[in-house]
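Undergrad: Sharing a structure, written as structure tokens. Questions coming.
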Amino acid sequence: MSQMQGEIISAGAPSSNLGNYEEAYANFNWEDVEKQFSWYETGKVNMAYEAIDRHVDEGRGDRIALRFNDPTREETYTFKDLKEKSNQFANVLRSQGISKGDRVFVFMPRSPELYVSILGILKVGAVVGPLFEAFMETAVKDRLEDSGAVALVTTTTLLPRVKRDELPLLHHIFLVGKDIEPEAGIIDYFKEMEHASSDAEIEWVNREDGLILHYTSGSTGKPKGVYHVHNAMLQHYYTGKVVLDLKEGDVYWCTADPGWVTGTSYGIFAPWLHGATNVVRGGRFSPGDWYDTIQKNKVTVWYSAPTAFRMFMGAGEDIVKQYDLSTLRHILSVGEPLNPEVVRWGYKVYGHRIHDTWWMTETGGQLICNYPSMPIKPGSMGKPVPGIQAAIIDDNGKELPPNRMGNLAVRTPWPSMMRLIWNNAPKYEEYFRIPGWYISGDTAYMDEDGYFWFQGRIDDVINSSGERIGPFEVESKLVEHPAVAEAGVIGKPDPTRGEIIKAFISLREGFEPSEELKAEISRFVKEGLSAHAAPREIEFKDKLPKTRSGKIMRRVLKAWELNLPAGDLSTIED
Ligand code: WTA
């Protein structure tokens with residue numbers, strides 16, 4: 001990434017919620033944020049109440065909470081509508097004996113029912129497990145199995161991807177669809193909703209009780225369940241205020257799917273804690289449809305990702321002029337490095353600065369950001385959110401001076417920090433191996449002005465179009481293919497997607513390399529795991545570089561790919 005530290009786009013809105021960054025940072029206190037909530041006194045809380053019902057209790061029930069559009073449906077729901085519908089679903093869940101602490105998963109495309117389900121699950125005190133709609137059999141099974149999920153909300157279309165006979169704990173499936181045949185363990189969502197009362201008791205939980213379990217990828221092992229608690233609300237609320245800069249009357253659009261953390265923390269919790277109108281659009285990316293979504297809904301605050309902005313840039317300026325985007329006030333980005341040229345382009349074409357934000361599934365909320373009231377240095381992720389202390393440290397925990405690259409680390413704790421890796425305490429502890437710090441796994445440096453600049457990952461995690469992919473999960477699937485003897489997977493730099501997945505494969509005896517075989521292997525991963533995990537490039541090799549203990553050395557594969565020196569090869573097999 002071309003980085004020009006000297007370049008600055010001056011501060012935007014002087015009337016933003018944060019005000020002067022330095023002052024806000026110096027005077028910050030989490031207790032001031034807690035006092036905004038009634039549960040500051042009682043200690044008993046429920047995210048669904050604070051996000052939805054509270055607005056009804058405080059006289060905002062008729063405001064529009066959800067504007068849903070996709071190519072087939074356009075619907076709006078007020079806060080009162082969502083309160084009642086989620087009460088109904090809470091009653092449906094209770095009628096099946098689902099209660100506090102149970103893991104209940106949602107596996108469906110974006111739809112009003114998805115949002116109602118998530119809120120209903122929270123209302124009974126259960127923990128939500130969101131699954132991305134593109135997941136295939138293995139990806140779905142691994143996550144349901146690891147979490148011990150007892151129930152799942154899914155659609156008739158996606159149900160065939162759920163291996164029910166291999167999931168003995170999964171007792172209830174709530175099925176969204178038409179003409180559902182009666183079957184043991186299958187509950188007709190719409191039929192049950194029809195009969196359910198729209199009054200429900202909320203399960204008041206402790207602030208440290210479970211809220212959501214997001215599965216995400218590391219470089220080794222199966223995906224890990226990142227567990228968040230209701231207390232995360234403080235971070236969602238505060239960053240919704242000072243980073244999203246949400247104000248009364250805002251129409252907010254986060255383009256992420258709730259299968260990923262951005263789609264829940266900032267696609268559900270933050271906007272609704274602020275009573276904003278939340279736009280949800282299903283379907284695939286298309287520049288025209290997306291600009292139309294802004295125009296039609298009069299979006300004011302827009303949160304998207306570098307890949308999308310790069311594709312908009314590729315689609316050019318002319319198409320922008322065909323839409324009225326004049327309602328936009330604030331644009332933000334997350335998920336992968338935001339190229340300086342994209343920031344410059346956005347500033348020129350949209351007339352707005354694109355505000356980069358940095359955070360992770362594990363951090364639960366935004367930690368390093370650009371704010372409307374602060375100058376932007378294109379290419380920089382910005383500065384720590386008030387209440388957050390970030391630093392660059394070496395492997396011994398020593399803080400490094402400005403302009404030195406090292407581990408991007410954050411002082412523990414903060415309200416939305418993950419509280420567990422489900423079933424995997426050693427993995428959790430790895431993040432906190434240096435006392436007092438959370439180690440992100442990203443490398444970065446901080447400049448003299450306190451701005452942070454992303455440099456890369458210390459592990460082999462791949463970031464393709466902002467989606468985080470673990471090479472191990474892909475390799476495990478690849479070697480299930482009858483032709484594949486061994487596989488090593490890396491992220492290959494790509495101008496649009498950031499990285500694409502490239503697989504190096506050695507074939508079993510009796511198989512010959514061919515373009516057809518490449519396509520077949522890629523399809524095998526797509527159909528078994530998910531489309532975004534399928535290699536876009538495959539290269540056959542007679543032998544893969546391995547350590548003496550038999551581990552494939554992805555670092556060497558990457559060096560091959562990029563024509564770089566392979567570094568220390570003392571552990572290589574031969
Ligand atoms: C990367 C998404 C550069 C980073 C919320 C991080 C970024 C991983 C940025 C987390 C950014 C996220 N600039 N890289 N602004 N934001 N990343 O868990 O490597 O899906 O560790 O969370 O994405 O991805 P995750």
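Every chain in the structure tokens has a letter given in the order shown (A, B, ...), and although residue numbers restart at 1 in each chain, ligands are simply numbered from 1 in the order shown.
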Which range 364-464 of chain A residues have any atom within 7 Å of an atom of range 214-229 of chain A, and for each, what is the nearest pair of atoms with distance in Å to one decimal, counting only C-alpha atoms, rows sorted by chain and number, as a tab-separated table?

TA:
residue	atom	partner	partner_atom	distance
A:Ser416	CA	A:His228	CA	6.9
A:Met418	CA	A:His228	CA	5.0
A:Arg419	CA	A:Tyr227	CA	5.8
A:Leu420	CA	A:Tyr227	CA	5.2
A:Ile421	CA	A:Val226	CA	4.9
A:Trp422	CA	A:Gly225	CA	5.0
A:Asp459	CA	A:Ser219	CA	6.2
A:Asp460	CA	A:Ser219	CA	5.2
A:Val461	CA	A:Ser219	CA	5.1

Undergrad: Show me which residues are within 7 Å of ligand 1 counting only C-alpha atoms and all ligand atoms, and format the list as a list in words.

TA: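 Answer in the requested format: Thr216, Trp260, Val261, Thr262, Ser333, Val334, Gly335, Glu336, Pro337, Leu338, Asp356, Thr357, Trp358, Trp359, Met360, Thr361, Glu362, Met381, Ser440, Gly441, Asp442, Phe454, Gly456, Arg457, Asn463, Gly466, Glu467 and Arg468 of chain A.
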
Undergrad: What's around Ala276 in chain A at 12 Å? Count only C-alpha atoms, leave out sequence neighbours fewer than 4 positions away in its own chain, and write the answer as a ChimeraX atom specification.

TA: /A:51-52,55,60-61,63-67,78-79,237,240-241,244-254,266-272,299-301

Undergrad: Calculated over only C-alpha atoms, which of the candidates A:Leu82, A:Val162, A:Ile8, A:Ala26 has the smallest distance to Asp142 in chain A?

TA: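 The shortest atom-to-atom distance to Asp142 in chain A comes from A:Val162.
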
Undergrad: Here is a test: counting only C-alpha atoms, which residue of A:Tyr21, A:Met374, A:Val92, A:His481 is nearest to Glu527 in chain A?

TA: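 Between A:Tyr21, A:Met374, A:Val92, A:His481, the residue approaching Glu527 in chain A most closely is A:His481.
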
Undergrad: Just the strand (DSSP E or B) stuff from range 73-219 of chain A, please, per backbone DSSP, written as an MDAnalysis selection string.

TA: chainID A and resid 74:78 103:107 127:131 135 151:155 172:176 186:188 205:206 210:216

Undergrad: For Leu557 in chain A, please output as a CSV table (one decimal) with C-alpha atoms, in the first residue's frame all residues within 9 Å (counting only C-alpha atoms; exclusion window: fewer than 3 positions along the same chain).

TA:
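And here's part-v4.csv as it stands now:
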chain,number,residue,atom,x,y,z
A,488,GLY,CA,-1.1,-25.7,1.3
A,489,VAL,CA,-3.2,-22.5,1.1
A,490,ILE,CA,-2.0,-18.9,1.1
A,504,PHE,CA,-0.7,-25.4,-3.8
A,544,LEU,CA,5.2,-29.2,-1.0
A,545,PRO,CA,7.7,-27.7,1.4
A,552,ILE,CA,3.4,-27.6,5.4
A,553,MET,CA,5.4,-24.3,5.3
A,554,ARG,CA,2.9,-21.7,4.0
A,560,TRP,CA,7.4,-18.7,-4.0
A,561,GLU,CA,4.4,-16.9,-5.1
A,562,LEU,CA,5.8,-13.4,-4.4
A,566,ALA,CA,12.0,-17.8,1.7

Undergrad: Near Pro109 in chain A, within 12 Å and counting only C-alpha atoms, which residues show up once chain neighbours fewer than 5 positions away are dropped, as a list of chain:residue names?

TA: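 The residues that qualify are A:Asp70, A:Leu114, A:Tyr115, A:Pro130, A:Leu131, A:Phe132, A:Glu133, A:Ala134, A:Phe135, A:Val153, A:Thr154, A:Thr155, A:Thr156, A:Thr157, A:Leu158, A:Val176, A:Ala256, A:Asp257, A:Pro258, A:Gly259, A:Val280, A:Arg281, A:Gly282, A:Gly283, A:Arg284.
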
Undergrad: Convert the current residue selection to file output with C-alpha atoms, as a PDB file, in the first residue's frame.

TA:
ATOM      1  CA  ASP A  70     -33.901  -6.997  -1.509  1.00  0.00           C
ATOM      2  CA  LEU A 114     -33.538 -13.144  10.654  1.00  0.00           C
ATOM      3  CA  TYR A 115     -33.554  -9.923  12.695  1.00  0.00           C
ATOM      4  CA  PRO A 130     -25.001 -16.465  13.505  1.00  0.00           C
ATOM      5  CA  LEU A 131     -23.992 -18.505  10.475  1.00  0.00           C
ATOM      6  CA  PHE A 132     -23.244 -16.927   7.114  1.00  0.00           C
ATOM      7  CA  GLU A 133     -25.772 -18.037   4.504  1.00  0.00           C
ATOM      8  CA  ALA A 134     -23.064 -19.241   2.093  1.00  0.00           C
ATOM      9  CA  PHE A 135     -21.779 -21.894   4.496  1.00  0.00           C
ATOM     10  CA  VAL A 153     -33.517 -21.106  12.790  1.00  0.00           C
ATOM     11  CA  THR A 154     -33.106 -21.743   9.077  1.00  0.00           C
ATOM     12  CA  THR A 155     -34.951 -21.795   5.777  1.00  0.00           C
ATOM     13  CA  THR A 156     -36.308 -24.641   3.691  1.00  0.00           C
ATOM     14  CA  THR A 157     -33.637 -23.873   1.074  1.00  0.00           C
ATOM     15  CA  LEU A 158     -30.727 -24.091   3.496  1.00  0.00           C
ATOM     16  CA  VAL A 176     -38.850 -20.389   7.716  1.00  0.00           C
ATOM     17  CA  ALA A 256     -22.333  -6.471   6.298  1.00  0.00           C
ATOM     18  CA  ASP A 257     -24.215  -9.715   6.831  1.00  0.00           C
ATOM     19  CA  PRO A 258     -24.952 -10.697  10.468  1.00  0.00           C
ATOM     20  CA  GLY A 259     -22.974 -13.886   9.801  1.00  0.00           C
ATOM     21  CA  VAL A 280     -30.894  -3.892   5.474  1.00  0.00           C
ATOM     22  CA  ARG A 281     -30.277  -4.990   1.936  1.00  0.00           C
ATOM     23  CA  GLY A 282     -30.012  -8.616   0.934  1.00  0.00           C
ATOM     24  CA  GLY A 283     -28.677  -9.948  -2.343  1.00  0.00           C
ATOM     25  CA  ARG A 284     -25.361  -9.494  -4.034  1.00  0.00           C
TER      26      ARG A 284
END

Undergrad: Determine the nearest neighbour of Gln366 in chain A from the options A:Ser514, A:Ser265, A:Asn46, A:Ser111, counting only C-alpha atoms.

TA: A:Ser265

Undergrad: Which residues, written as a list in words, have at least one atom at most 8 Å from Val104 in chain A, with only C-alpha atoms counted and residues fewer than 3 positions away on the same chain left out?

TA: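 Listing them by chain and then by number gives Ile121, Ala126, Val127, Val128, Gly129, Ala149, Val150, Ala151, Leu152 and Val153 of chain A.
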
Undergrad: For the selection just defined, write its residues with C-alpha atoms to a file, as an mmCIF file, in the first residue's frame.

TA:
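To be explicit, this is the file written out as result32.cif:
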data_model
loop_
_atom_site.group_PDB
_atom_site.id
_atom_site.type_symbol
_atom_site.label_atom_id
_atom_site.label_comp_id
_atom_site.auth_asym_id
_atom_site.auth_seq_id
_atom_site.Cartn_x
_atom_site.Cartn_y
_atom_site.Cartn_z
ATOM 1 C CA ILE A 121 -33.306 -15.424 21.045
ATOM 2 C CA ALA A 126 -30.129 -17.522 25.000
ATOM 3 C CA VAL A 127 -26.856 -16.972 23.121
ATOM 4 C CA VAL A 128 -27.122 -16.222 19.395
ATOM 5 C CA GLY A 129 -24.884 -18.077 16.959
ATOM 6 C CA ALA A 149 -26.271 -25.736 19.738
ATOM 7 C CA VAL A 150 -29.730 -26.979 20.798
ATOM 8 C CA ALA A 151 -31.729 -25.075 18.206
ATOM 9 C CA LEU A 152 -31.415 -23.541 14.778
ATOM 10 C CA VAL A 153 -33.517 -21.106 12.790
#

Undergrad: Write out as a list in words which residues come within 9 Å of Ile388 in chain A when counting only C-alpha atoms, dropping same-chain ones fewer than 5 positions away.

TA: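 Final neighbour list, sorted by chain and number: Tyr25, Leu367, Ile368, Val410, Arg411, Thr412, Pro413 and Trp414 of chain A.
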
Undergrad: Take the residues from that selection and write them out as a JSON list (two decimals), in the first residue's frame, keeping N, CA, C and O atoms.

TA:
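Result went into again32.json, see below:
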[["chain", "number", "residue", "atom", "x", "y", "z"],
["A", 25, "TYR", "N", -10.70, 12.15, 24.58],
["A", 25, "TYR", "CA", -9.86, 11.03, 25.01],
["A", 25, "TYR", "C", -9.40, 11.24, 26.45],
["A", 25, "TYR", "O", -9.44, 10.33, 27.28],
["A", 367, "LEU", "N", -12.06, -0.25, 17.77],
["A", 367, "LEU", "CA", -11.03, 0.16, 18.74],
["A", 367, "LEU", "C", -10.13, 1.29, 18.22],
["A", 367, "LEU", "O", -9.70, 2.14, 18.99],
["A", 368, "ILE", "N", -9.81, 1.26, 16.93],
["A", 368, "ILE", "CA", -8.95, 2.32, 16.37],
["A", 368, "ILE", "C", -9.70, 2.90, 15.17],
["A", 368, "ILE", "O", -10.08, 2.15, 14.27],
["A", 410, "VAL", "N", -3.62, -4.10, 22.63],
["A", 410, "VAL", "CA", -4.59, -3.24, 23.31],
["A", 410, "VAL", "C", -4.58, -3.60, 24.79],
["A", 410, "VAL", "O", -4.58, -4.78, 25.15],
["A", 411, "ARG", "N", -4.58, -2.58, 25.67],
["A", 411, "ARG", "CA", -4.64, -2.78, 27.11],
["A", 411, "ARG", "C", -5.94, -3.47, 27.49],
["A", 411, "ARG", "O", -7.01, -3.04, 27.06],
["A", 412, "THR", "N", -5.86, -4.52, 28.33],
["A", 412, "THR", "CA", -7.08, -5.21, 28.76],
["A", 412, "THR", "C", -7.61, -4.59, 30.03],
["A", 412, "THR", "O", -6.83, -4.03, 30.80],
["A", 413, "PRO", "N", -8.91, -4.73, 30.32],
["A", 413, "PRO", "CA", -9.96, -5.15, 29.40],
["A", 413, "PRO", "C", -10.65, -3.93, 28.81],
["A", 413, "PRO", "O", -10.26, -2.81, 29.10],
["A", 414, "TRP", "N", -11.67, -4.18, 27.99],
["A", 414, "TRP", "CA", -12.60, -3.13, 27.58],
["A", 414, "TRP", "C", -13.97, -3.79, 27.48],
["A", 414, "TRP", "O", -14.05, -5.03, 27.48]]

Undergrad: Which residue gives the smallest distance to Thr255 in chain A among A:Arg110, A:Gly379, A:Leu159, A:Lys546, with only C-alpha atoms counted?

TA: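 So, comparing all the options, the nearest one is A:Arg110.
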